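J.: Encoded as structure tokens, here's the structure I'll be asking about.
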Amino acid sequence: MTQSGRKQKVKQHVIEEWTGKIVTSFCIVLLVVIIFSMVYFVATKGLSAFFKDGLKLSEIFGTTWKPDGEPPLFGALPFIIGSFSTSLLAAVIAAPLGISAALFMVEIMPNIGRKYLQPVIELLAGIPSVVYGFVGLSVIVPLYRDIFPGQGLGIAAGATVLSIMILPTITSIATDALASLPAGLKEGSYALGATRWQTLSRTVIPTTLPALMTGIVLGMARAFGEALAVQMVIGNAPHIPHSLFESTSTLTSVITLSMGNTVMGSMQNNVLWTLAFILMMMTFVFVFVVRWLERRAQR
Amino acid sequence: MQNIELSTKDLSVFYGEKQAVKHISLDFAAKQVTALIGPSGCGKSTFLRSLNRMNDLIEGSRITGEIWIGDENINDPKTDVVLLRQRIGMVWQRPNPFHKSIYENIAFGPRYHGIRDRKKLDQIVEESLIKAALWEETKDRLNQSALSLSGGQQQSLCIARSIAVSPSIILMDEPSSALDPVSSAKIEELIAELKQEFCIIIVTHNMQQAARVSDRTAFFLMGELVEYDDTNMIFTNPSDQRTDDYISGRFG
């Protein structure tokens with residue numbers, strides 16, 4: 001009786017072990033399959049513009065986007081420039097703000113920071129992008145229209161909206177980085193007679209710099225991929241702007257705007273896939289940069 | 001006692017309502033090693049940290065009483081802690097080198113205090129490393145990361161780093177308890193060497209270490225000073241029964 005009971009128990013735990021193994025392996029296989037098939041799908045669709053429709057690589061980097069023209073022109077350079085300039089500018093605006101906010105929360109007012117400010121920042125991350133876009137359209141665009149020449153729509157408005165959107169990403173990663181500073185470093189600096197300013201600028205920030213950069217790059221990646229909010233404030237004119245306040249487009253905004261109006265398999269549709277492919281490749285680059293920064297941080 | 005470098009009068013430290021250190025009056029002599037011993041939580045580390053005002057960094061801590069260096073009470077709110085900490089170096093239990101090169105670790109403090117001249121800095125780095133007995137091992141790799149050093153070397157580097165701002169007093173909070181026995185012995189040799197020049201106050205859990213390196217020993221218990229005497233006396237003929245119990249291992 002006792003022996004059979006024991007046998008039963010052993011079996012039970014073997015079953016549990018195997019169920020766990022199978023379920024988790026299934027999930028990871030599913031994830032990998034989804035990711036690879038998406039990459040494959042976007043890549044084949046994106047490259048078919050070159051192989052099937054005879055688009056040349058130089059054409060995609062042209063400056064004129066006229067898919068309905070005769071002959072149709074698919075110069076995507078304005079979108080590539082638009083995407084890069086908005087996300088770079090957004091990072092330039094958001095990085096000092098986010099890192100300073102994190103310094104305040106971790107180093108200067110840790111009690112208030114942890115209790116009240118961090119939840120507020122996290123709340124900021126949960127606001128839907130359409131709300132950001134709407135606020136941008138009804139507040140930031142009119143503001144820029146009044147101050148600067150032009151309609152207010154453009155890279156400046158897009159970058160401003162994006163900078164607010166990526167602020168929580170940069171701030172929360174910077175907060176974690178600062179909070180995980182190796183114990184004793186700050187004390188070591190203070191004990192040498194350093195002021196708080198010297199301690200922060202010469203010990204805390206240099207030591208956590210790779211992690212802070214990770215936050216900035218992840219923020220940029222988010223800005224690069226954001227479509228809706230940008231599309232609402234950038235103006236969507238397919239040309240390279242002469243100023244920050246002139247209407248232009250990004251890779252994401254042109255895809256969302258045109259995808260519904262094209263026929264699957266047509267050349268214009270395939271070119272949009274090419275743009276998506278470029279977007280995806282850039283995101284990969286961002287991920288690799290983050291990986292590289294993390295490896296550097298571990299040294 | 002001759003040549004008093006640092007003395008405390010009626011020093012108490014509070015964390016919120018809790019009194020961690022109770023009315024301690026102690027004199028520390030120049031060019032001597034003073035060991036602070038006692039069981040965990042007896043307030044000896046807190047006492048040590050209050051001497052260079054590091055407790056200021058802990059929220060809710062409050063220090064009453066006086067700490068005298070020469071004719072200056074450094075527990076005065078008007079005291080410039082930046083200048084004070086230049087005169088009192090500190091070394092911790094875990095080596096905490098900055099994530100920079102060996103050279104930059106040493107040059108760090110002097111830079112804070114306005115020394116920019118490269119030759120002067122080179123000289124300070126060399127002198128500090130020589131004093132910390134680390135020069136021979138590191139002179140060819142000054143530009144390598146300090147994290148590439150072994151634990152014992154890192155601790156020596158931290159000592160060199162605190163020497164570099166030319167303090168007169170060095171506080172050590174269990175400086176060798178995170179190290180292996182060989183490195184630990186090296187740190188003890190270094191302490192014996194350094195006491196020719198500095199007033200050293202060392203907190204240690206290791207009673208043999210206290211007996212080996214210190215000239216005078218103070219025994220703390222529950223935030224109070226039980227006994228303070230020449231190390232020989234404490235370890236051979238303590239006058240208080242509680243000291244006797246502690247050093248003979250009956251508690252703690």
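Chain labels run A, B, ... following the order of the structure tokens; each chain numbers its residues from 1, and ligands are numbered from 1 in the order shown.
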Show me which bits of chain B are within 6 Å of chain A, counting only C-alpha atoms, as a PyMOL selection string.
T.: chain B and resi 82+85-86+96+109
J.: Can you pull out every residue within 9 Å of stretch 226-233 of chain A, counting only C-alpha atoms, but drop anything in the same chain fewer than 4 positions away, and send it as a count of residues only?
T.: 32
J.: Which parts of stretch 46-156 of chain B does DSSP call alpha helix (DSSP H) when run on the backbone here, written out as an MDAnalysis selection string?
T.: chainID B and resid 46:51 81:87 102:112 118:131 135:138 151:156
J.: Identify all residues of stretch 79-227 of chain B in strand (DSSP E or B) (DSSP on the backbone) and supply them as a PyMOL selection string.
T.: chain B and resi 88-91+101+145+169-173+199-203+216-221+224-227
J.: Please provide as a ChimeraX atom specification all residues within 9 Å of B:Ala178, with the sequence filter that same-chain residues fewer than 4 positions apart are discarded (counting only C-alpha atoms).
T.: /B:93-95,151-152,174,184
J.: Convert the current residue selection to file output with C-alpha atoms, as a PDB file, in the first residue's frame.
T.:
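Writing the result to again.pdb gives the following:
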```
ATOM      1  CA  GLN B  93      34.528  46.623   3.833  1.00  0.00           C
ATOM      2  CA  ARG B  94      33.975  45.939   0.157  1.00  0.00           C
ATOM      3  CA  PRO B  95      36.539  47.491  -2.175  1.00  0.00           C
ATOM      4  CA  GLY B 151      40.083  42.027  -4.548  1.00  0.00           C
ATOM      5  CA  GLY B 152      43.063  42.689  -2.320  1.00  0.00           C
ATOM      6  CA  GLU B 174      36.387  46.200   8.337  1.00  0.00           C
ATOM      7  CA  SER B 184      44.082  40.350   4.371  1.00  0.00           C
TER       8      SER B 184
END
```
J.: Neighbouring residues of stretch 274-283 of chain A were defined as those with any atom within 9 Å, considering only C-alpha atoms; residues of the same chain fewer than 6 positions away were excluded. Please report them as a list in words.
T.: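 Non-adjacent residues within range: Val39, Val42, Ala43, Lys45, Gly46, Leu47, Ser48, Ala49, Phe50, Ile60, Ala76, Phe79, Ile80, Ala221, Arg222, Phe224, Gly225, Leu251, Thr252, Val254 and Ile255 of chain A.
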J.: Based on the selection just made, write C-alpha atoms of those residues as a PDB file, in the first residue's frame.
T.:
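Just written: out17.pdb:
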```
ATOM      1  CA  VAL A  39      10.569  38.511 -40.939  1.00  0.00           C
ATOM      2  CA  VAL A  42       8.040  41.179 -44.782  1.00  0.00           C
ATOM      3  CA  ALA A  43      11.359  40.377 -46.453  1.00  0.00           C
ATOM      4  CA  LYS A  45       7.152  41.075 -49.892  1.00  0.00           C
ATOM      5  CA  GLY A  46       9.622  43.911 -49.479  1.00  0.00           C
ATOM      6  CA  LEU A  47      12.181  42.443 -51.844  1.00  0.00           C
ATOM      7  CA  SER A  48       9.664  41.486 -54.519  1.00  0.00           C
ATOM      8  CA  ALA A  49       9.510  45.136 -55.579  1.00  0.00           C
ATOM      9  CA  PHE A  50      13.124  44.740 -56.643  1.00  0.00           C
ATOM     10  CA  ILE A  60      14.094  53.703 -53.738  1.00  0.00           C
ATOM     11  CA  ALA A  76      11.525  57.052 -50.456  1.00  0.00           C
ATOM     12  CA  PHE A  79      10.437  59.309 -45.630  1.00  0.00           C
ATOM     13  CA  ILE A  80      13.747  57.866 -44.496  1.00  0.00           C
ATOM     14  CA  ALA A 221      13.454  52.711 -31.496  1.00  0.00           C
ATOM     15  CA  ARG A 222       9.999  53.420 -30.155  1.00  0.00           C
ATOM     16  CA  PHE A 224      11.128  55.306 -35.073  1.00  0.00           C
ATOM     17  CA  GLY A 225       8.297  52.794 -35.118  1.00  0.00           C
ATOM     18  CA  LEU A 251       8.225  55.702 -43.246  1.00  0.00           C
ATOM     19  CA  THR A 252       5.472  54.761 -40.808  1.00  0.00           C
ATOM     20  CA  VAL A 254       3.289  56.800 -45.486  1.00  0.00           C
ATOM     21  CA  ILE A 255       2.680  53.097 -44.894  1.00  0.00           C
TER      22      ILE A 255
END
```
J.: Here is a test: counting only C-alpha atoms, which residue of A:Gly62, A:Pro128, A:Pro67, A:Pro119 is nearest to A:Asn269?
T.: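 Of all the options, A:Pro67 lies closest to A:Asn269.
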J.: Between atom CA of B:Arg141 and atom CA of B:Leu190, what distance in Å does the model show, to one decimal?
T.: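 If I compute the distance from atom CA of B:Arg141 to atom CA of B:Leu190, I get 21.2 Å.
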J.: Just want the 9 Å neighbourhood of stretch 90-105 of chain A, counted on only C-alpha atoms, with same-chain residues fewer than 5 positions away dropped. Output as JSON, numbers by chain.
T.: {"A": [85, 110, 111, 112, 113, 114, 117, 118, 156, 158, 159, 160, 161, 162, 163, 164, 165, 166, 167, 168, 169, 170, 171, 172, 173, 174, 175, 176, 178, 200, 212, 213, 215, 216, 217, 219, 220, 223]}
J.: Do you know which residues are at most 8 Å from B:Ile69 counting only C-alpha atoms, after dropping those on the same chain fewer than 2 positions away, and could you put them as an NGL selection string?
T.: :B and (5-7 or 67 or 71-74)
